[in-house]
Every structure is written in structure tokens, then in C-alpha cells.
Amino acid sequence: MTKRVVVDPITRIEGHLRIEAETSPTGGITSAYSSGTMVRGIEIILKGRDPRDAWAFAQRICGVCTLVHGIASVRSVENALNYPIPANAQLIRNLMIAAQYVHDHVMHFYHLHALDWVDVVSALKADPKATSELAQSISTWAKSSPGYFAETQKKLKDFVEAGQLGIFNGGYWGHPEYKLPPEANLMAVAHYIEALSWQREVAKLHAIFGGKNPHPNFLVGGAPSPISAAPGSSGAAATAVNIISLEEIRNVIKSMQAFVNQVYLPDTIAIASFYKDWFARGEGVGNFLTVGDFPANGTDDPSTWFIPSGAILNRDLSRIEPVDLNDPEQVQEFVAHSWYDYEGGKEKGLHPYDGETAFNYDGPKPPYDQLDVDKGYSWLKSPRWRGNVMEVGPLARVLMLYAKGHEQTRDLAGSVLSQLDLPIDAMYSTLGRTAARTLESKIIADQMMVWLDNLIGNIKAGDVAVHNPDKWEPSTWPSVAKGVGFMEAPRGALCHYIVIKDGKIDNYQAVVPSTWNAGPRDPKGQPGPYEAALMDRHQLHDPSQPLEIQRTVHSFDPCIACAVHVVDPDGEELSQIRIR
Ligand code: NFE
Ligand code: MG
């Protein structure tokens, strides 16, 4: 067997991911394999339960995209029961999903991805005055004085001198592929620290609409918190969404916009300008899928949604294929290279309504020295659209908005690319994916003000409804109902498929963004998006410090907890994890 470079675990992600790469004698990646190494069990746990409760279980699929599985779940039940929800509930969901995007994307950029580009240790050599000049040359953000950067540097120095790089321990500091000057590194470290406390502000939006964060509350048929139009904040109005809390929401959105416009966006451009070669590798698949999200005020017609649904094949932005999630010919999950089996055989593809999640595979499983890639090598399935491997996520969404002629997207993409002196094709790359996440954060944060104004407008016009009780009672339901709840999660297209029989869940299948992106090869041998991206012009400078693999894998923002949703039935240890 060819000896492979093994990275396990990939750190600075959610969940447990192993990457193996075969390299040429000169260090070029010739083949790559992506493996989800931990099993969980939500799809099985949900069987037999009340569909109105499903969201509370499904939401626990993930602690990062903490609300998206709740939303997909309530939407699946509403779709199955043909259960309309009030306009205000849609707007509240839009705002909650949007806040999750901006929160998640900023956290990903600074706390998960930045250290692939930013050398923390080099920041110690920076001149605080020059750092201040750099910061002020790219942004009007107030925290930019020489004293502020000197203080940040001192904090970092104390850490290092105490021999406690803590969360920064074990990085590939000093690797020659780090290209930023010390001042840019120090600026990024300061913003890394600032983003930690900024998150607290954003979480308030979820707490106001959903009672808490993480894992806010949801409700089949609407939104959980009533709206009070009363001017005060006492009595029943105190726990309702009221005029004071809506003002607080406006302030939260402003704080999100400020951080995105003045910190995240300029930092993305500044950092990317030193790594322009990463706009020319790491694309891989070139096919993109969105399922669409964000209904306009008062309509549930998906054709009006802010993010359109569609498929782009072979980078052809002039053609958007329609996507029908209910069509068994379009959406299928394969297990040919997963540690699962299907009753009808391992080569089959199953539409999620007929999906199976069962521990019936008796081929080689963990532990192992190296993955047996001819057989099963992941707990992830391989979802396909019309048999094609599809990338989902911020890049897919930005391309979809761009292809549809969305003006702000075109202007913003044009402006960022021209500042970097790059063509639109540069988006099909590792850093293109990262930049798309930043662009999307700005577009969505701005759109949040529109949804908030719509919500306040409805309330002023006397509409305070947040829940439709018409179909709440199971006695009103048909004996069999099927539905798909779909949304755009931060990492991409998310669908929950539900089959309800006699008021209980008969089958539940989550087809998740990181499953689309991180899944293994399919029966035709087509690599998944992570795998294909790693095989796209990657050269390892030093196989014992595979920084290049981290860059491209992190550009997808992996969440393997989302991607695998089953618990090892015996609670056994499945693999030894080496923390680095
Ligand atoms: Ni756990 Fe998730 C998002 C979902 S991942 S992070 O975004 O759904 O694929
Ligand atoms: Mg699944």
C-alpha cells in the first residue's frame, strides 16, 4: 500500500475528521481521502417520536451551527403537513439564521481558519506603531492605536514566555509558507481576540427571539416568543418580543455590520493579498448546489427567496438548473465507500425518504493504520445531485447570487477582486471559498436590516401573529405524510427529510452541508469536494507539517458532527485521537 500523509485529527474544526493524502516524490498531492471518524445517532433516535418534538433532538446534531437543524426540522414537519406559518415567524427565522451566518463566519475566519495564514509567533516581532499605521490604512476601526497593539503584543509575549501558547500550541509556526509581515500578523491576532467578545453581542439576537443561545427554541407552525405591541416592558410584554427588544436587535445588527465592514472584510482582503497563489488552487469539483433560503415578507414561495435554489455545473454561470428535492432521481445518498450498508446492496443510491442508517456493514472499520479506501472509509455518506458531486456553502451561494445578477453581490465581488487584481475565476479556489464567506457575511448583515424593518412594519400595521395553531393537533394530520425541510446553513444546503406515520416519525434523514462537501468517493469513484479540492494543484512543502492540507480543508469550514449523525451503539472507543 502506498504510504500516505495522514492528518488526524484535523484541528480547528467541529467534529472528527481524518485526511489521508498520497503524494508524488516531489510532494504534489496525487490522491486524497476524507474520513469522518466518529459516529453519532440522531437519525435513529428520532424514529417513533412526536414530529413536533423532533427539532429539539435534531438541533443537538451540532453545537456550532446551533440553530439550523432546529429550523430544518420544523420546516420538514410544516412541509409534510402543508402547514403555513405567519409572515412574522418567517422574518424572525430569517433574522435568526442570518445572525448565525455572520457569527459563524467571523468565528470561522478568526478562530478556525486564520491561523493557517497568520503566524502568531511572528506577531511578537511586529512594531506596534507600524501595525497601527497598517490598521489605519485599511480601516476606520477605532481600536488601532500603537498603544493598543503594544498591549496585545505584551499579552501574547506573556503567554509565550510562560511556555503556554495554550490554544496556539502545536501550530506550524515559522513554516516558510506563512507570508504575512509581523505587523499584519499582530493586527490579525488583535482581531482574533476582539472577535471572541464580539460574539457575545450577536448571541443576544437568538436569546431575544428564541429564549437562549446556543440552541434557541423553535416551534412547529411559527416562532416561540409572542410579540407585544404594548409600549412598556412590564407584565406580559416583559417576556415577549417588544419595542425595546426590537431596538436591541437593531443595535446587534449594527454591531455585526460594523465588525464585518471595518474588521472582517478589510482583514480578508489584506491577508489574501499576500496569498494570491491560493486563488489558483483548491477548487476541485466546479459544481455548486443551493437549496435556497430567506422568504420575502409574507410569502412562502421559494422562487422569491433571497438566496435562490439551483445547481451550477462545470462553472457555467449562464445556466442554473432547477433542483427538486423530492425527486428520487435528483437527490441520492450513496454508501459505496462508507462504513454502512444498504439492504438493497452497497452500490445503490437511496433518496432520503427511503434512506437507511444502520450498523450492518461488516467490512474493515477503525482502528486502522491507514484507510482501506477500496472499501468503506468514512462514517459519512456520499450525497449526489443527478449523480454529480456538488459543492455547497458560501461559495455556491455567492455564485448563485452572482449568476442571478444580484446587484450588491456583483458590486462587492467586483470591488474585492479588483482590489486584489484578480478575475472572477479566482473565486473557484481555496481562498475564493474563504472570500465568499466574507462577502456573504456583508450581504446578509445588510439584508438583516430589511427583514427587521419588515417585521416592525408588520407590527405597526397591527399584525403580531407568530404562530398558526391550525394544524398543531395530530388528529388533523393525514395518516401518512412526507416532507423536506430545507435551508441554507452557514456551511451550505441542509435538508431534513421526514416520513410521518400515524402521528409519529417513521423515517428521518438529514442530508447535511458537510456531508455533501466532506463525503467519500461514490460508486463511480468520483471524489467528494474536499478530496477533489486537495487534488487540485497542491504541493506539500513539508509532509510532516501539512499546512497546505489544513488551508484547503478549512476553507470549507468542516463540521463533522453535522455530517455524521449516529452514536456508536455499544459506546465503544472507535479510534485513538492524537491531539496536536
Ligand atoms: Ni455543525 Fe452545520 C452548518 C449544518 S454542517 S455546522 O453550517 O447543517 O455541515
Ligand atoms: Mg444523514
# chains A, B, ... in the order shown; residues from 1 in each chain; ligands from 1
call {"tool": "residues_near_ligand", "arguments": {"ligand": "ligand 1", "cutoff": "9 Å", "atoms": "only C-alpha atoms and all ligand atoms", "output": "PyMOL selection string"}}
result
chain A and resi 14-15+61-69+72+100-101+104+393+487-495+510-518+557-563
call {"tool": "residues_near_ligand", "arguments": {"ligand": "ligand 2", "cutoff": "10 Å", "atoms": "only C-alpha atoms and all ligand atoms", "output": "short mmCIF file (atom, residue, chain, number, x, y, z; two decimals) with N, CA, C and O atoms, in the first residue's frame"}}
result
data_model
loop_
_atom_site.label_atom_id
_atom_site.label_comp_id
_atom_site.auth_asym_id
_atom_site.auth_seq_id
_atom_site.Cartn_x
_atom_site.Cartn_y
_atom_site.Cartn_z
N GLY A 41 -25.89 9.58 16.42
CA GLY A 41 -27.08 8.75 16.16
C GLY A 41 -28.43 9.40 16.08
O GLY A 41 -29.44 8.77 16.34
N ILE A 42 -28.46 10.65 15.67
CA ILE A 42 -29.74 11.36 15.81
C ILE A 42 -30.83 10.80 14.89
O ILE A 42 -31.99 10.74 15.27
N GLU A 43 -30.46 10.39 13.68
CA GLU A 43 -31.50 9.90 12.75
C GLU A 43 -32.23 8.70 13.35
O GLU A 43 -33.43 8.52 13.14
N GLU A 333 -28.29 9.44 -1.71
CA GLU A 333 -27.10 9.24 -0.87
C GLU A 333 -26.55 7.84 -1.13
O GLU A 333 -27.30 6.86 -1.17
N PRO A 352 -33.54 10.25 0.22
CA PRO A 352 -33.64 10.27 1.68
C PRO A 352 -34.98 9.81 2.27
O PRO A 352 -35.00 9.32 3.40
N GLY A 355 -34.21 6.54 2.85
CA GLY A 355 -32.84 6.41 3.34
C GLY A 355 -32.72 5.42 4.49
O GLY A 355 -33.68 5.19 5.24
N GLU A 356 -31.54 4.83 4.62
CA GLU A 356 -31.28 3.86 5.69
C GLU A 356 -30.02 4.29 6.44
O GLU A 356 -29.03 4.68 5.83
N THR A 357 -30.08 4.21 7.77
CA THR A 357 -28.88 4.42 8.59
C THR A 357 -28.83 3.22 9.53
O THR A 357 -29.63 3.12 10.45
N TRP A 379 -17.59 7.44 8.08
CA TRP A 379 -18.96 7.36 8.59
C TRP A 379 -19.89 8.32 7.85
O TRP A 379 -21.07 8.40 8.14
N LEU A 380 -19.34 9.12 6.93
CA LEU A 380 -20.20 9.98 6.12
C LEU A 380 -20.73 9.20 4.93
O LEU A 380 -20.05 8.31 4.41
N LYS A 381 -21.94 9.56 4.49
CA LYS A 381 -22.45 9.04 3.22
C LYS A 381 -21.96 9.98 2.11
O LYS A 381 -21.32 10.99 2.38
N SER A 382 -22.29 9.63 0.87
CA SER A 382 -21.92 10.49 -0.27
C SER A 382 -23.19 10.97 -0.96
O SER A 382 -23.74 10.23 -1.80
N PRO A 383 -23.68 12.17 -0.65
CA PRO A 383 -24.85 12.67 -1.36
C PRO A 383 -24.47 13.12 -2.78
O PRO A 383 -23.36 13.62 -2.99
N CYS A 495 -30.90 19.72 4.32
CA CYS A 495 -32.26 19.18 4.15
C CYS A 495 -32.54 18.14 5.21
O CYS A 495 -31.72 17.24 5.44
N HIS A 496 -33.69 18.26 5.86
CA HIS A 496 -34.17 17.19 6.74
C HIS A 496 -35.38 16.57 6.07
O HIS A 496 -36.35 17.28 5.76
N TYR A 497 -35.32 15.27 5.84
CA TYR A 497 -36.44 14.55 5.24
C TYR A 497 -37.16 13.78 6.34
O TYR A 497 -36.53 13.05 7.11
N TYR A 508 -36.37 9.46 9.34
CA TYR A 508 -35.83 10.82 9.43
C TYR A 508 -34.42 10.78 8.89
O TYR A 508 -33.59 10.00 9.36
N GLN A 509 -34.15 11.56 7.87
CA GLN A 509 -32.81 11.58 7.27
C GLN A 509 -32.35 13.02 7.11
O GLN A 509 -33.05 13.84 6.53
N ALA A 510 -31.19 13.31 7.65
CA ALA A 510 -30.60 14.64 7.50
C ALA A 510 -29.52 14.56 6.42
O ALA A 510 -28.61 13.74 6.51
N VAL A 511 -29.65 15.37 5.40
CA VAL A 511 -28.61 15.46 4.36
C VAL A 511 -27.98 16.84 4.53
O VAL A 511 -28.62 17.85 4.29
N VAL A 512 -26.74 16.83 4.96
CA VAL A 512 -26.16 17.99 5.64
C VAL A 512 -25.02 18.60 4.80
O VAL A 512 -24.37 17.88 4.04
N THR A 515 -21.81 16.86 4.84
CA THR A 515 -21.88 15.55 4.20
C THR A 515 -21.67 15.71 2.69
O THR A 515 -20.93 14.94 2.06
N CYS A 562 -22.07 17.54 12.33
CA CYS A 562 -23.25 17.68 11.48
C CYS A 562 -23.31 16.56 10.45
O CYS A 562 -24.38 16.04 10.12
N ALA A 563 -22.15 16.23 9.92
CA ALA A 563 -22.11 15.37 8.74
C ALA A 563 -22.40 13.90 9.06
O ALA A 563 -22.81 13.14 8.20
N VAL A 564 -22.16 13.49 10.30
CA VAL A 564 -22.42 12.11 10.70
C VAL A 564 -23.40 12.19 11.85
O VAL A 564 -23.12 12.86 12.83
N HIS A 565 -24.51 11.52 11.78
CA HIS A 565 -25.46 11.74 12.89
C HIS A 565 -25.88 10.47 13.60
O HIS A 565 -27.02 10.20 13.78
N VAL A 566 -24.95 9.62 13.96
CA VAL A 566 -25.33 8.39 14.66
C VAL A 566 -24.37 8.05 15.84
O VAL A 566 -23.20 8.33 15.75
#
call {"tool": "atom_distance", "arguments": {"atom1": "CA of Arg60 in chain A", "atom2": "CA of Leu219 in chain A"}}
result
15.5 Å
call {"tool": "closest_residue", "arguments": {"among": "A:Val553, A:Val291, A:Leu112, A:Ala230", "to": "Val484 in chain A", "atoms": "only C-alpha atoms"}}
result
A:Val291
call {"tool": "closest_residue", "arguments": {"among": "A:Val6, A:Ala130, A:Val120, A:Leu420", "to": "His175 in chain A", "atoms": "only C-alpha atoms"}}
result
A:Val120
call {"tool": "decode", "arguments": {"residues": "range 76-89 of chain A", "atoms": "all heavy atoms", "output": "compact mmCIF listing (two decimals), in the first residue's frame"}}
result
# COMPACT_ATOMS: atom_id res chain seq x y z
N SER A 76 -39.40 20.71 8.02
CA SER A 76 -39.74 19.41 7.43
C SER A 76 -41.16 19.00 7.83
O SER A 76 -41.93 18.50 7.01
CB SER A 76 -38.71 18.33 7.83
OG SER A 76 -38.87 17.95 9.18
N VAL A 77 -41.50 19.26 9.09
CA VAL A 77 -42.85 18.90 9.57
C VAL A 77 -43.88 19.79 8.88
O VAL A 77 -44.93 19.32 8.42
CB VAL A 77 -42.92 19.03 11.11
CG1 VAL A 77 -44.30 18.63 11.62
CG2 VAL A 77 -41.84 18.19 11.76
N GLU A 78 -43.57 21.08 8.78
CA GLU A 78 -44.51 22.01 8.12
C GLU A 78 -44.69 21.65 6.65
O GLU A 78 -45.80 21.71 6.12
CB GLU A 78 -43.98 23.45 8.26
CG GLU A 78 -44.08 23.98 9.69
CD GLU A 78 -43.13 25.13 10.03
OE1 GLU A 78 -42.38 25.56 9.13
OE2 GLU A 78 -43.13 25.56 11.19
N ASN A 79 -43.61 21.24 6.02
CA ASN A 79 -43.71 20.85 4.62
C ASN A 79 -44.57 19.58 4.47
O ASN A 79 -45.43 19.50 3.59
CB ASN A 79 -42.30 20.66 4.06
CG ASN A 79 -42.30 20.31 2.58
OD1 ASN A 79 -42.13 19.16 2.22
ND2 ASN A 79 -42.51 21.30 1.73
N ALA A 80 -44.35 18.62 5.37
CA ALA A 80 -45.11 17.36 5.30
C ALA A 80 -46.60 17.61 5.52
O ALA A 80 -47.45 16.98 4.88
CB ALA A 80 -44.58 16.38 6.36
N LEU A 81 -46.93 18.54 6.41
CA LEU A 81 -48.34 18.76 6.78
C LEU A 81 -48.97 19.91 6.00
O LEU A 81 -50.12 20.26 6.24
CB LEU A 81 -48.44 19.05 8.28
CG LEU A 81 -47.89 17.96 9.21
CD1 LEU A 81 -47.91 18.43 10.65
CD2 LEU A 81 -48.69 16.66 9.04
N ASN A 82 -48.19 20.49 5.08
CA ASN A 82 -48.69 21.63 4.31
C ASN A 82 -49.20 22.71 5.28
O ASN A 82 -50.35 23.16 5.20
CB ASN A 82 -49.79 21.15 3.37
CG ASN A 82 -50.02 22.14 2.25
OD1 ASN A 82 -49.23 23.08 2.08
ND2 ASN A 82 -51.10 21.97 1.52
N TYR A 83 -48.34 23.10 6.17
CA TYR A 83 -48.68 23.89 7.35
C TYR A 83 -48.06 25.29 7.20
O TYR A 83 -46.88 25.48 7.45
CB TYR A 83 -48.07 23.15 8.56
CG TYR A 83 -48.46 23.60 9.93
CD1 TYR A 83 -48.18 22.78 11.02
CD2 TYR A 83 -49.09 24.81 10.20
CE1 TYR A 83 -48.50 23.14 12.31
CE2 TYR A 83 -49.42 25.18 11.49
CZ TYR A 83 -49.12 24.35 12.54
OH TYR A 83 -49.44 24.71 13.82
N PRO A 84 -48.84 26.30 6.76
CA PRO A 84 -48.26 27.64 6.57
C PRO A 84 -47.96 28.33 7.89
O PRO A 84 -48.63 28.07 8.89
CB PRO A 84 -49.36 28.40 5.80
CG PRO A 84 -50.61 27.66 6.04
CD PRO A 84 -50.28 26.25 6.47
N ILE A 85 -46.95 29.20 7.88
CA ILE A 85 -46.62 29.94 9.11
C ILE A 85 -46.77 31.45 8.85
O ILE A 85 -46.67 31.89 7.70
CB ILE A 85 -45.20 29.61 9.63
CG1 ILE A 85 -44.11 30.15 8.69
CG2 ILE A 85 -45.03 28.10 9.82
CD1 ILE A 85 -42.71 30.13 9.30
N PRO A 86 -47.00 32.24 9.90
CA PRO A 86 -47.19 33.68 9.71
C PRO A 86 -45.93 34.37 9.17
O PRO A 86 -44.80 33.92 9.41
CB PRO A 86 -47.50 34.20 11.12
CG PRO A 86 -47.89 33.01 11.92
CD PRO A 86 -47.17 31.84 11.32
N ALA A 87 -46.15 35.50 8.48
CA ALA A 87 -45.03 36.27 7.91
C ALA A 87 -44.02 36.65 9.00
O ALA A 87 -42.81 36.59 8.78
CB ALA A 87 -45.57 37.53 7.25
N ASN A 88 -44.51 37.03 10.17
CA ASN A 88 -43.58 37.45 11.24
C ASN A 88 -42.65 36.30 11.63
O ASN A 88 -41.47 36.53 11.93
CB ASN A 88 -44.35 37.93 12.48
CG ASN A 88 -45.09 39.22 12.22
OD1 ASN A 88 -44.72 39.99 11.33
ND2 ASN A 88 -46.15 39.47 12.98
N ALA A 89 -43.20 35.09 11.66
CA ALA A 89 -42.37 33.94 12.04
C ALA A 89 -41.28 33.71 10.99
O ALA A 89 -40.14 33.39 11.32
CB ALA A 89 -43.24 32.70 12.20
